[in-house]
Every structure is written in structure tokens, then in C-alpha cells.
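Trainee: Pasting target-v3.pdb below, which is PDB, C-alpha atoms.
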```pdb
MODEL        1
ATOM      1  CA  MET A   1      26.829   9.938 -76.809
ATOM      2  CA  PRO A   2      23.917   7.745 -75.654
ATOM      3  CA  ALA A   3      24.527   5.204 -72.890
ATOM      4  CA  ILE A   4      23.220   2.486 -75.221
ATOM      5  CA  ALA A   5      22.922   2.746 -78.993
ATOM      6  CA  ILE A   6      21.137   0.015 -80.929
ATOM      7  CA  ARG A   7      21.634   0.053 -84.686
ATOM      8  CA  HIS A   8      19.547  -2.093 -87.065
ATOM      9  CA  LEU A   9      19.455  -4.994 -84.621
ATOM     10  CA  SER A  10      17.856  -8.237 -85.771
ATOM     11  CA  LYS A  11      17.720 -11.662 -84.175
ATOM     12  CA  THR A  12      16.646 -14.934 -85.764
ATOM     13  CA  PHE A  13      16.545 -18.288 -83.991
ATOM     14  CA  GLU A  14      16.958 -21.611 -85.754
ATOM     15  CA  GLN A  15      14.517 -24.188 -84.392
ATOM     16  CA  LYS A  16      14.208 -27.694 -85.837
ATOM     17  CA  GLY A  17      15.267 -26.543 -89.278
ATOM     18  CA  ASN A  18      12.994 -23.491 -89.242
ATOM     19  CA  SER A  19      14.002 -19.856 -88.873
ATOM     20  CA  VAL A  20      12.037 -17.871 -86.289
ATOM     21  CA  GLU A  21      12.455 -14.110 -86.474
ATOM     22  CA  ALA A  22      12.368 -12.565 -82.962
ATOM     23  CA  LEU A  23      13.520  -9.016 -83.724
ATOM     24  CA  ARG A  24      13.786  -7.080 -86.975
ATOM     25  CA  ASP A  25      15.793  -3.929 -87.698
ATOM     26  CA  ILE A  26      15.522  -2.179 -84.333
ATOM     27  CA  SER A  27      17.358   1.119 -83.849
ATOM     28  CA  LEU A  28      17.229   3.014 -80.569
ATOM     29  CA  ASP A  29      19.220   5.472 -78.459
ATOM     30  CA  ILE A  30      18.943   5.232 -74.675
ATOM     31  CA  GLU A  31      20.384   8.191 -72.813
ATOM     32  CA  GLU A  32      22.455   7.940 -69.658
ATOM     33  CA  GLY A  33      20.338   7.904 -66.493
ATOM     34  CA  ASP A  34      17.045   7.342 -68.320
ATOM     35  CA  ILE A  35      14.507   4.749 -67.244
ATOM     36  CA  TYR A  36      12.966   2.766 -70.102
ATOM     37  CA  GLY A  37      10.021   0.424 -69.793
ATOM     38  CA  ILE A  38       9.308  -2.390 -72.245
ATOM     39  CA  ILE A  39       5.947  -4.098 -72.561
ATOM     40  CA  GLY A  40       4.380  -6.469 -75.045
ATOM     41  CA  MET A  41       2.618  -9.790 -75.434
ATOM     42  CA  SER A  42       4.371 -13.044 -74.560
ATOM     43  CA  GLY A  43       6.722 -14.044 -77.372
ATOM     44  CA  ALA A  44       6.912 -10.524 -78.816
ATOM     45  CA  GLY A  45      10.702 -10.350 -78.376
ATOM     46  CA  LYS A  46      11.023  -8.286 -75.181
ATOM     47  CA  SER A  47      13.426 -10.614 -73.379
ATOM     48  CA  THR A  48      15.418 -11.226 -76.542
ATOM     49  CA  LEU A  49      15.911  -7.482 -76.974
ATOM     50  CA  VAL A  50      17.125  -7.007 -73.401
ATOM     51  CA  ARG A  51      19.387 -10.069 -73.540
ATOM     52  CA  CYS A  52      20.969  -8.709 -76.715
ATOM     53  CA  LEU A  53      21.969  -5.575 -74.795
ATOM     54  CA  ASN A  54      24.608  -7.491 -72.855
ATOM     55  CA  TYR A  55      25.175 -10.160 -75.514
ATOM     56  CA  LEU A  56      23.646 -12.998 -73.534
ATOM     57  CA  GLU A  57      21.988 -13.339 -76.923
ATOM     58  CA  ARG A  58      24.194 -12.439 -79.852
ATOM     59  CA  PRO A  59      22.260 -10.499 -82.540
ATOM     60  CA  THR A  60      22.027 -12.065 -85.980
ATOM     61  CA  SER A  61      22.840  -8.643 -87.409
ATOM     62  CA  GLY A  62      23.169  -5.058 -86.269
ATOM     63  CA  GLU A  63      25.109  -3.355 -83.501
ATOM     64  CA  VAL A  64      24.820  -2.775 -79.762
ATOM     65  CA  ILE A  65      27.117   0.078 -78.708
ATOM     66  CA  ILE A  66      27.699   0.743 -75.000
ATOM     67  CA  GLY A  67      30.127   3.393 -73.832
ATOM     68  CA  GLY A  68      31.229   3.857 -77.428
ATOM     69  CA  ARG A  69      32.162   0.178 -77.809
ATOM     70  CA  ASP A  70      30.449  -2.124 -80.286
ATOM     71  CA  LEU A  71      29.897  -5.303 -78.270
ATOM     72  CA  GLY A  72      30.087  -7.393 -81.418
ATOM     73  CA  THR A  73      33.732  -6.459 -81.933
ATOM     74  CA  LEU A  74      34.900  -7.366 -78.413
ATOM     75  CA  THR A  75      36.834 -10.464 -77.427
ATOM     76  CA  GLU A  76      35.299 -12.737 -74.782
ATOM     77  CA  LYS A  77      37.587 -11.193 -72.155
ATOM     78  CA  GLU A  78      36.650  -7.649 -73.212
ATOM     79  CA  LEU A  79      32.968  -8.605 -73.216
ATOM     80  CA  ARG A  80      33.220  -9.944 -69.644
ATOM     81  CA  GLU A  81      34.846  -6.682 -68.585
ATOM     82  CA  GLN A  82      32.127  -4.657 -70.316
ATOM     83  CA  ARG A  83      29.444  -6.699 -68.559
ATOM     84  CA  SER A  84      30.826  -5.578 -65.199
ATOM     85  CA  ASP A  85      29.045  -2.275 -65.920
ATOM     86  CA  ILE A  86      25.758  -4.077 -66.673
ATOM     87  CA  ALA A  87      23.590  -5.787 -64.044
ATOM     88  CA  MET A  88      20.660  -8.015 -64.916
ATOM     89  CA  ILE A  89      17.820  -9.043 -62.620
ATOM     90  CA  PHE A  90      15.779 -12.016 -63.792
ATOM     91  CA  GLN A  91      12.343 -13.318 -62.882
ATOM     92  CA  HIS A  92      14.081 -16.246 -61.159
ATOM     93  CA  PHE A  93      16.334 -15.387 -58.264
ATOM     94  CA  ASN A  94      19.319 -17.703 -58.973
ATOM     95  CA  LEU A  95      20.660 -17.329 -55.437
ATOM     96  CA  LEU A  96      23.407 -19.573 -54.080
ATOM     97  CA  MET A  97      21.444 -21.759 -51.679
ATOM     98  CA  GLN A  98      24.464 -22.849 -49.644
ATOM     99  CA  LYS A  99      25.518 -19.268 -48.914
ATOM    100  CA  SER A 100      23.984 -16.798 -46.475
ATOM    101  CA  VAL A 101      22.125 -13.713 -47.669
ATOM    102  CA  LEU A 102      25.169 -11.574 -46.850
ATOM    103  CA  ASP A 103      27.507 -13.914 -48.711
ATOM    104  CA  ASN A 104      25.191 -13.941 -51.743
ATOM    105  CA  VAL A 105      25.413 -10.153 -51.982
ATOM    106  CA  CYS A 106      29.178 -10.212 -51.387
ATOM    107  CA  PHE A 107      29.748 -12.857 -54.084
ATOM    108  CA  PRO A 108      30.051 -10.570 -57.167
ATOM    109  CA  MET A 109      32.365  -8.266 -55.228
ATOM    110  CA  GLN A 110      34.588 -11.229 -54.380
ATOM    111  CA  ILE A 111      34.806 -12.043 -58.076
ATOM    112  CA  ALA A 112      35.745  -8.395 -58.718
ATOM    113  CA  LYS A 113      38.562  -8.764 -56.110
ATOM    114  CA  LYS A 114      37.055  -6.208 -53.740
ATOM    115  CA  LYS A 115      38.500  -6.258 -50.223
ATOM    116  CA  LYS A 116      36.491  -8.438 -47.847
ATOM    117  CA  ASP A 117      35.718  -5.672 -45.327
ATOM    118  CA  GLU A 118      34.661  -3.263 -48.093
ATOM    119  CA  ALA A 119      32.471  -5.921 -49.690
ATOM    120  CA  LYS A 120      30.735  -6.693 -46.392
ATOM    121  CA  LYS A 121      30.126  -2.994 -45.702
ATOM    122  CA  ARG A 122      28.650  -2.450 -49.183
ATOM    123  CA  ALA A 123      26.501  -5.603 -48.887
ATOM    124  CA  LEU A 124      25.060  -4.523 -45.552
ATOM    125  CA  GLU A 125      24.241  -1.081 -46.968
ATOM    126  CA  LEU A 126      22.374  -2.665 -49.889
ATOM    127  CA  LEU A 127      20.486  -5.053 -47.613
ATOM    128  CA  GLU A 128      19.436  -2.069 -45.525
ATOM    129  CA  THR A 129      18.150  -0.339 -48.682
ATOM    130  CA  VAL A 130      16.030  -3.347 -49.675
ATOM    131  CA  GLY A 131      14.738  -3.797 -46.122
ATOM    132  CA  LEU A 132      16.565  -7.020 -45.307
ATOM    133  CA  ALA A 133      19.354  -5.977 -42.952
ATOM    134  CA  ASP A 134      17.903  -8.339 -40.333
ATOM    135  CA  LYS A 135      18.204 -11.297 -42.750
ATOM    136  CA  ALA A 136      21.953 -10.993 -43.417
ATOM    137  CA  ASP A 137      22.737 -14.293 -41.671
ATOM    138  CA  ALA A 138      19.726 -16.173 -43.039
ATOM    139  CA  TYR A 139      19.841 -18.585 -45.976
ATOM    140  CA  PRO A 140      17.705 -18.362 -49.139
ATOM    141  CA  ALA A 141      15.579 -21.356 -48.115
ATOM    142  CA  GLN A 142      14.418 -19.351 -45.094
ATOM    143  CA  LEU A 143      13.136 -16.439 -47.201
ATOM    144  CA  SER A 144       9.894 -15.723 -49.029
ATOM    145  CA  GLY A 145       9.863 -15.231 -52.799
ATOM    146  CA  GLY A 146       9.740 -11.455 -52.432
ATOM    147  CA  GLN A 147      12.644 -11.473 -49.999
ATOM    148  CA  LYS A 148      14.716 -13.653 -52.331
ATOM    149  CA  GLN A 149      14.119 -11.196 -55.165
ATOM    150  CA  ARG A 150      15.222  -8.307 -52.973
ATOM    151  CA  VAL A 151      18.446 -10.197 -52.207
ATOM    152  CA  ALA A 152      18.906 -10.747 -55.954
ATOM    153  CA  ILE A 153      18.489  -7.008 -56.552
ATOM    154  CA  ALA A 154      21.034  -6.150 -53.856
ATOM    155  CA  ARG A 155      23.468  -8.673 -55.335
ATOM    156  CA  ALA A 156      23.016  -7.345 -58.878
ATOM    157  CA  LEU A 157      23.865  -3.830 -57.745
ATOM    158  CA  ALA A 158      26.771  -4.758 -55.459
ATOM    159  CA  THR A 159      29.393  -3.739 -58.007
ATOM    160  CA  ASP A 160      27.632  -0.419 -58.699
ATOM    161  CA  PRO A 161      26.866  -1.056 -62.400
ATOM    162  CA  LYS A 162      26.066   1.827 -64.732
ATOM    163  CA  ILE A 163      23.265  -0.069 -66.493
ATOM    164  CA  LEU A 164      20.464  -2.102 -64.904
ATOM    165  CA  LEU A 165      18.412  -4.591 -66.949
ATOM    166  CA  CYS A 166      15.282  -6.079 -65.354
ATOM    167  CA  ASP A 167      13.584  -8.992 -67.091
ATOM    168  CA  GLU A 168      10.114  -9.220 -65.500
ATOM    169  CA  ALA A 169      11.721  -9.145 -62.053
ATOM    170  CA  THR A 170       8.364  -9.026 -60.244
ATOM    171  CA  SER A 171       6.127 -11.214 -62.395
ATOM    172  CA  ALA A 172       6.282 -14.252 -60.069
ATOM    173  CA  LEU A 173       5.447 -12.259 -56.927
ATOM    174  CA  ASP A 174       2.270 -11.263 -55.139
ATOM    175  CA  ASN A 175       1.116  -7.632 -55.140
ATOM    176  CA  GLU A 176       2.577  -6.762 -51.736
ATOM    177  CA  SER A 177       5.985  -8.229 -52.634
ATOM    178  CA  GLU A 178       5.879  -6.443 -55.979
ATOM    179  CA  ARG A 179       5.370  -3.094 -54.242
ATOM    180  CA  TRP A 180       8.402  -3.756 -52.052
ATOM    181  CA  ILE A 181      10.513  -4.736 -55.060
ATOM    182  CA  GLN A 182       9.344  -1.731 -57.048
ATOM    183  CA  HIS A 183      10.283   0.601 -54.203
ATOM    184  CA  SER A 184      13.707  -1.044 -53.929
ATOM    185  CA  LEU A 185      14.300  -0.770 -57.667
ATOM    186  CA  GLU A 186      13.267   2.880 -57.776
ATOM    187  CA  GLU A 187      15.760   3.691 -55.020
ATOM    188  CA  LEU A 188      18.594   1.665 -56.510
ATOM    189  CA  ALA A 189      17.975   2.737 -60.116
ATOM    190  CA  LYS A 190      18.701   6.372 -59.336
ATOM    191  CA  ASN A 191      21.627   7.697 -61.422
ATOM    192  CA  ARG A 192      21.648   4.510 -63.507
ATOM    193  CA  THR A 193      20.409   3.753 -66.982
ATOM    194  CA  THR A 194      17.568   1.306 -66.339
ATOM    195  CA  ILE A 195      15.607  -0.885 -68.734
ATOM    196  CA  THR A 196      12.675  -2.812 -67.312
ATOM    197  CA  ILE A 197      10.517  -5.449 -68.975
ATOM    198  CA  ALA A 198       7.139  -5.286 -67.276
ATOM    199  CA  HIS A 199       4.087  -7.490 -67.119
ATOM    200  CA  ARG A 200       2.053  -4.834 -65.278
ATOM    201  CA  LEU A 201       1.698  -1.251 -66.510
ATOM    202  CA  SER A 202       2.049   0.044 -62.961
ATOM    203  CA  THR A 203       5.675  -1.058 -62.992
ATOM    204  CA  ILE A 204       6.656   1.270 -65.840
ATOM    205  CA  ARG A 205       4.094   4.077 -65.929
ATOM    206  CA  ASN A 206       6.672   6.563 -64.557
ATOM    207  CA  ALA A 207       9.416   5.587 -67.013
ATOM    208  CA  ASP A 208      11.049   8.314 -69.106
ATOM    209  CA  GLU A 209      10.016   6.343 -72.179
ATOM    210  CA  ILE A 210       7.977   3.191 -72.749
ATOM    211  CA  LEU A 211       8.507   0.849 -75.690
ATOM    212  CA  VAL A 212       5.712  -1.412 -76.907
ATOM    213  CA  VAL A 213       7.223  -4.448 -78.633
ATOM    214  CA  ALA A 214       5.043  -6.244 -81.194
ATOM    215  CA  ASP A 215       5.555  -8.062 -84.485
ATOM    216  CA  THR A 216       9.372  -8.306 -83.976
ATOM    217  CA  GLY A 217       9.832  -4.552 -83.588
ATOM    218  CA  ILE A 218       8.963  -1.424 -81.628
ATOM    219  CA  ALA A 219       5.322  -0.736 -82.439
ATOM    220  CA  GLU A 220       4.879   2.295 -80.155
ATOM    221  CA  ARG A 221       7.057   4.490 -77.960
ATOM    222  CA  GLY A 222       6.455   7.437 -75.674
ATOM    223  CA  THR A 223       5.562   8.358 -72.119
ATOM    224  CA  HIS A 224       2.603   6.771 -70.328
ATOM    225  CA  GLU A 225       0.468   9.829 -71.061
ATOM    226  CA  GLU A 226       1.530  10.052 -74.720
ATOM    227  CA  LEU A 227       0.777   6.395 -75.348
ATOM    228  CA  LEU A 228      -2.619   6.617 -73.703
ATOM    229  CA  ALA A 229      -3.434   9.642 -75.859
ATOM    230  CA  ALA A 230      -2.372   7.724 -78.988
ATOM    231  CA  ASN A 231      -5.090   5.159 -78.200
ATOM    232  CA  GLY A 232      -3.131   2.263 -79.655
ATOM    233  CA  ILE A 233      -1.750  -1.030 -78.307
ATOM    234  CA  TYR A 234      -0.586   0.444 -75.012
ATOM    235  CA  ALA A 235      -3.944   2.089 -74.354
ATOM    236  CA  HIS A 236      -5.575  -1.305 -74.971
ATOM    237  CA  TYR A 237      -3.232  -2.888 -72.393
ATOM    238  CA  ASN A 238      -4.225  -0.154 -69.957
ATOM    239  CA  GLU A 239      -7.894  -0.926 -70.435
ATOM    240  CA  MET A 240      -7.213  -4.600 -69.707
ATOM    241  CA  ALA A 241      -5.208  -3.855 -66.531
TER     242      ALA A 241
ENDMDL
END
```
Just dump the structure as C-alpha cells.
Mentor:
Amino acid sequence: MPAIAIRHLSKTFEQKGNSVEALRDISLDIEEGDIYGIIGMSGAGKSTLVRCLNYLERPTSGEVIIGGRDLGTLTEKELREQRSDIAMIFQHFNLLMQKSVLDNVCFPMQIAKKKKDEAKKRALELLETVGLADKADAYPAQLSGGQKQRVAIARALATDPKILLCDEATSALDNESERWIQHSLEELAKNRTTITIAHRLSTIRNADEILVVADTGIAERGTHEELLAANGIYAHYNEMA
């Protein structure tokens, strides 16, 4: 059984009386532990696809099946429970400004009723992994953009989710910060099913499979080498990089 199964997924938005089709009839199996990269032009539907995977966006039609459960059939309570296995890292950090770095990472574990000492120990381990153990007592306002994103990554993984969704997590950062974030993600994505929307090919070139989203669907798919050899959209992106 795949970790994530997408069956004939479509999404249409209603805007000022007009219907805008974002995704059309997408079917895909993502195996447990695989790393998938998603790339495409702005407005192609990349973020919509990823947000449908945890029902932050509800598909207009089709199914998203995780762990054998069709998310569309779950109650709100069941959906919240299912989301505890899914972490999402956004382009914007969304940190709690009034809480310390340590408390930000502990926050999701508090919600999950984890013991305070266990939560603190786990948070410190994650901060060590992302290179910010010395910033545990600092506040977000005292951090750089790259450091804030590393805190956001540590927080997202605090509850040890099985699935990690990254929506252009490094697009607002400089090259040096992006390298730090990429290293952190590679370490923390081990043994997880990871789906990453990228704005730079370097972010996803080592993915098990890369999806090129265009014209409301998956236009190309394959490894970095396979897509270059196909000399299609992805190869064109590579030439522009």
C-alpha cells in the first residue's frame, strides 16, 4: 500500500462568478519513505496539489488516501488526528513571536499532551540537528530569516510525523541560508515520506521522483537524469537555472 494514493483528483476555485480549474484528474502513488520533488511555473497548481494532500484544500473531486484512509470520508476530528502524521513547512515561518525558540518547538508537543520534560528534550535534540542549540532561549525577532525557517522545520518535525510537506520552504532565503535549510531537511527527512515544492532545481535534483506540474496536471515525471534526457519542460528549466 502506498503512503499516499491520489485518485482522479481535481480542484476548481470559484472566483467572482468564474470557475478557475487548478488541477485536473491527477492520479499518483507515493511510496513510503520516498522523496518527491514538485516544480512548475507560478500558478501551475503546485501548492494546491500539496495542500490537498492534508485537506487544507478540499478537492472538488477525487480521493486522497493516506494510510488506507480516504481523507474525504473523515470527520473533522478524524481529519485532525490524521494530520498529526503530516507536517507542513511553508515559505513563511509562522512562529509565535512571544515565545522563545525552545517554546516554539515544544508547542506542537504540548498540544499533543507530551510530558514537559520529554518535549523539552526532543526540542533541544531538533535544535541541535538544525544548528540552533545556542538559540534555544532567543526569540524569533532576534533571528535571521534562515534561522527562523530552521526553527519552523524543527517545530514541524517535533511530533515525528510520517509525512513531510514542504511548500517552497527556502524560496524567501539567500543562497547560504538555503544550503543550511536544505541540509537540515535532508537530515530530518530520512525515513519519512517527503514532498517538496521547489523554486530551484538544486533543491530537488536528488529526489526519488520529480513531478513537473503544468496545465493543471502532471506534465512530466521521472528522476533528474531521466527528465534531462527527455529534453522537455524540466530540461528547459535546467537550462534557465
Trainee: Would you mind telling me which residue in A:Ile197, A:Ala44, A:Met1, A:Ile6 lies nearest to Asp25 in chain A when using only C-alpha atoms?
Mentor: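 When distances to Asp25 in chain A are compared using only C-alpha atoms, the smallest one comes from A:Ile6.
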Trainee: With the file shown as input, list the residues that the PyMOL selection byres ((chain A and resi 105-109) around 12) selects, as a compact mmCIF listing (two decimals) with C-alpha atoms, in the coordinates of the input.
Mentor:
```
# COMPACT_ATOMS: atom_id res chain seq x y z
CA SER A 84 30.83 -5.58 -65.20
CA ALA A 87 23.59 -5.79 -64.04
CA ASN A 94 19.32 -17.70 -58.97
CA LEU A 95 20.66 -17.33 -55.44
CA LEU A 96 23.41 -19.57 -54.08
CA LYS A 99 25.52 -19.27 -48.91
CA SER A 100 23.98 -16.80 -46.48
CA VAL A 101 22.12 -13.71 -47.67
CA LEU A 102 25.17 -11.57 -46.85
CA ASP A 103 27.51 -13.91 -48.71
CA ASN A 104 25.19 -13.94 -51.74
CA GLN A 110 34.59 -11.23 -54.38
CA ILE A 111 34.81 -12.04 -58.08
CA ALA A 112 35.74 -8.40 -58.72
CA LYS A 113 38.56 -8.76 -56.11
CA LYS A 114 37.06 -6.21 -53.74
CA LYS A 115 38.50 -6.26 -50.22
CA LYS A 116 36.49 -8.44 -47.85
CA ASP A 117 35.72 -5.67 -45.33
CA GLU A 118 34.66 -3.26 -48.09
CA ALA A 119 32.47 -5.92 -49.69
CA LYS A 120 30.74 -6.69 -46.39
CA LYS A 121 30.13 -2.99 -45.70
CA ARG A 122 28.65 -2.45 -49.18
CA ALA A 123 26.50 -5.60 -48.89
CA LEU A 124 25.06 -4.52 -45.55
CA GLU A 125 24.24 -1.08 -46.97
CA LEU A 126 22.37 -2.66 -49.89
CA LEU A 127 20.49 -5.05 -47.61
CA GLU A 128 19.44 -2.07 -45.52
CA VAL A 130 16.03 -3.35 -49.68
CA LEU A 132 16.57 -7.02 -45.31
CA ALA A 133 19.35 -5.98 -42.95
CA LYS A 135 18.20 -11.30 -42.75
CA ALA A 136 21.95 -10.99 -43.42
CA ASP A 137 22.74 -14.29 -41.67
CA TYR A 139 19.84 -18.58 -45.98
CA PRO A 140 17.70 -18.36 -49.14
CA LYS A 148 14.72 -13.65 -52.33
CA GLN A 149 14.12 -11.20 -55.16
CA ARG A 150 15.22 -8.31 -52.97
CA VAL A 151 18.45 -10.20 -52.21
CA ALA A 152 18.91 -10.75 -55.95
CA ILE A 153 18.49 -7.01 -56.55
CA ALA A 154 21.03 -6.15 -53.86
CA ARG A 155 23.47 -8.67 -55.34
CA ALA A 156 23.02 -7.34 -58.88
CA LEU A 157 23.86 -3.83 -57.74
CA ALA A 158 26.77 -4.76 -55.46
CA THR A 159 29.39 -3.74 -58.01
CA ASP A 160 27.63 -0.42 -58.70
CA PRO A 161 26.87 -1.06 -62.40
```
Trainee: Glu178 in chain A: which residues within 12 Å, counting all atoms listed in the file, same-chain residues fewer than 2 positions away excluded, as a ChimeraX atom specification?
Mentor: /A:91,145-150,168-176,180-185,198-200,202-203
Trainee: Within 12 Å of Ile210 in chain A, counting all atoms listed in the file, which residues show up once you throw out same-chain ones fewer than 4 positions away? Write them as a PyMOL selection string, please.
Mentor: chain A and resi 30+34-40+194-198+201-206+218-228+233-234
Trainee: Counting only C-alpha atoms, give me one row per residue of range 155-201 of chain A with an atom at most 12 Å from an atom of range 64-82 of chain A, showing the shortest contact pair and its distance in Å to one decimal, sorted by chain then residue number, as a Markdown table.
Mentor:
```
| residue | atom | partner | partner_atom | distance |
| --- | --- | --- | --- | --- |
| A:Pro161 | CA | A:Gln82 | CA | 10.2 |
| A:Lys162 | CA | A:Gly67 | CA | 10.1 |
| A:Ile163 | CA | A:Ile66 | CA | 9.6 |
| A:Thr193 | CA | A:Ile66 | CA | 11.2 |
```
Trainee: May I ask which of the residues A:Thr216, A:Ser47, A:Ser61, A:Asn191 is the closest one to Gly33 in chain A, counting all atoms listed in the file?
Mentor: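 Checking each of A:Thr216, A:Ser47, A:Ser61, A:Asn191 against Gly33 in chain A, counting all atoms listed in the file, the winner is A:Asn191.
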Trainee: Closest to Phe90 in chain A among A:Leu165, A:Met240, A:His8, A:Ser19, using all atoms listed in the file?
Mentor: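 Using all atoms listed in the file, Phe90 in chain A sits closest to A:Leu165.
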Trainee: Expressed in Å to a single decimal, how great is the separation between CA of Gln98 in chain A and CA of Leu143 in chain A?
Mentor: 13.2 Å
Trainee: Around (17.8, -5.3, -87.7) in the file's own coordinates, what residues are found within 8 Å if you use only C-alpha atoms, given back as a ChimeraX atom specification?
Mentor: /A:7-11,23-27,61-62
Trainee: Kindly export the residues of the current selection with C-alpha atoms, as a PDB file, in the coordinates of the input.
Mentor:
```pdb
ATOM      1  CA  ARG A   7      21.634   0.053 -84.686  1.00  0.00           C
ATOM      2  CA  HIS A   8      19.547  -2.093 -87.065  1.00  0.00           C
ATOM      3  CA  LEU A   9      19.455  -4.994 -84.621  1.00  0.00           C
ATOM      4  CA  SER A  10      17.856  -8.237 -85.771  1.00  0.00           C
ATOM      5  CA  LYS A  11      17.720 -11.662 -84.175  1.00  0.00           C
ATOM      6  CA  LEU A  23      13.520  -9.016 -83.724  1.00  0.00           C
ATOM      7  CA  ARG A  24      13.786  -7.080 -86.975  1.00  0.00           C
ATOM      8  CA  ASP A  25      15.793  -3.929 -87.698  1.00  0.00           C
ATOM      9  CA  ILE A  26      15.522  -2.179 -84.333  1.00  0.00           C
ATOM     10  CA  SER A  27      17.358   1.119 -83.849  1.00  0.00           C
ATOM     11  CA  SER A  61      22.840  -8.643 -87.409  1.00  0.00           C
ATOM     12  CA  GLY A  62      23.169  -5.058 -86.269  1.00  0.00           C
TER      13      GLY A  62
END
```
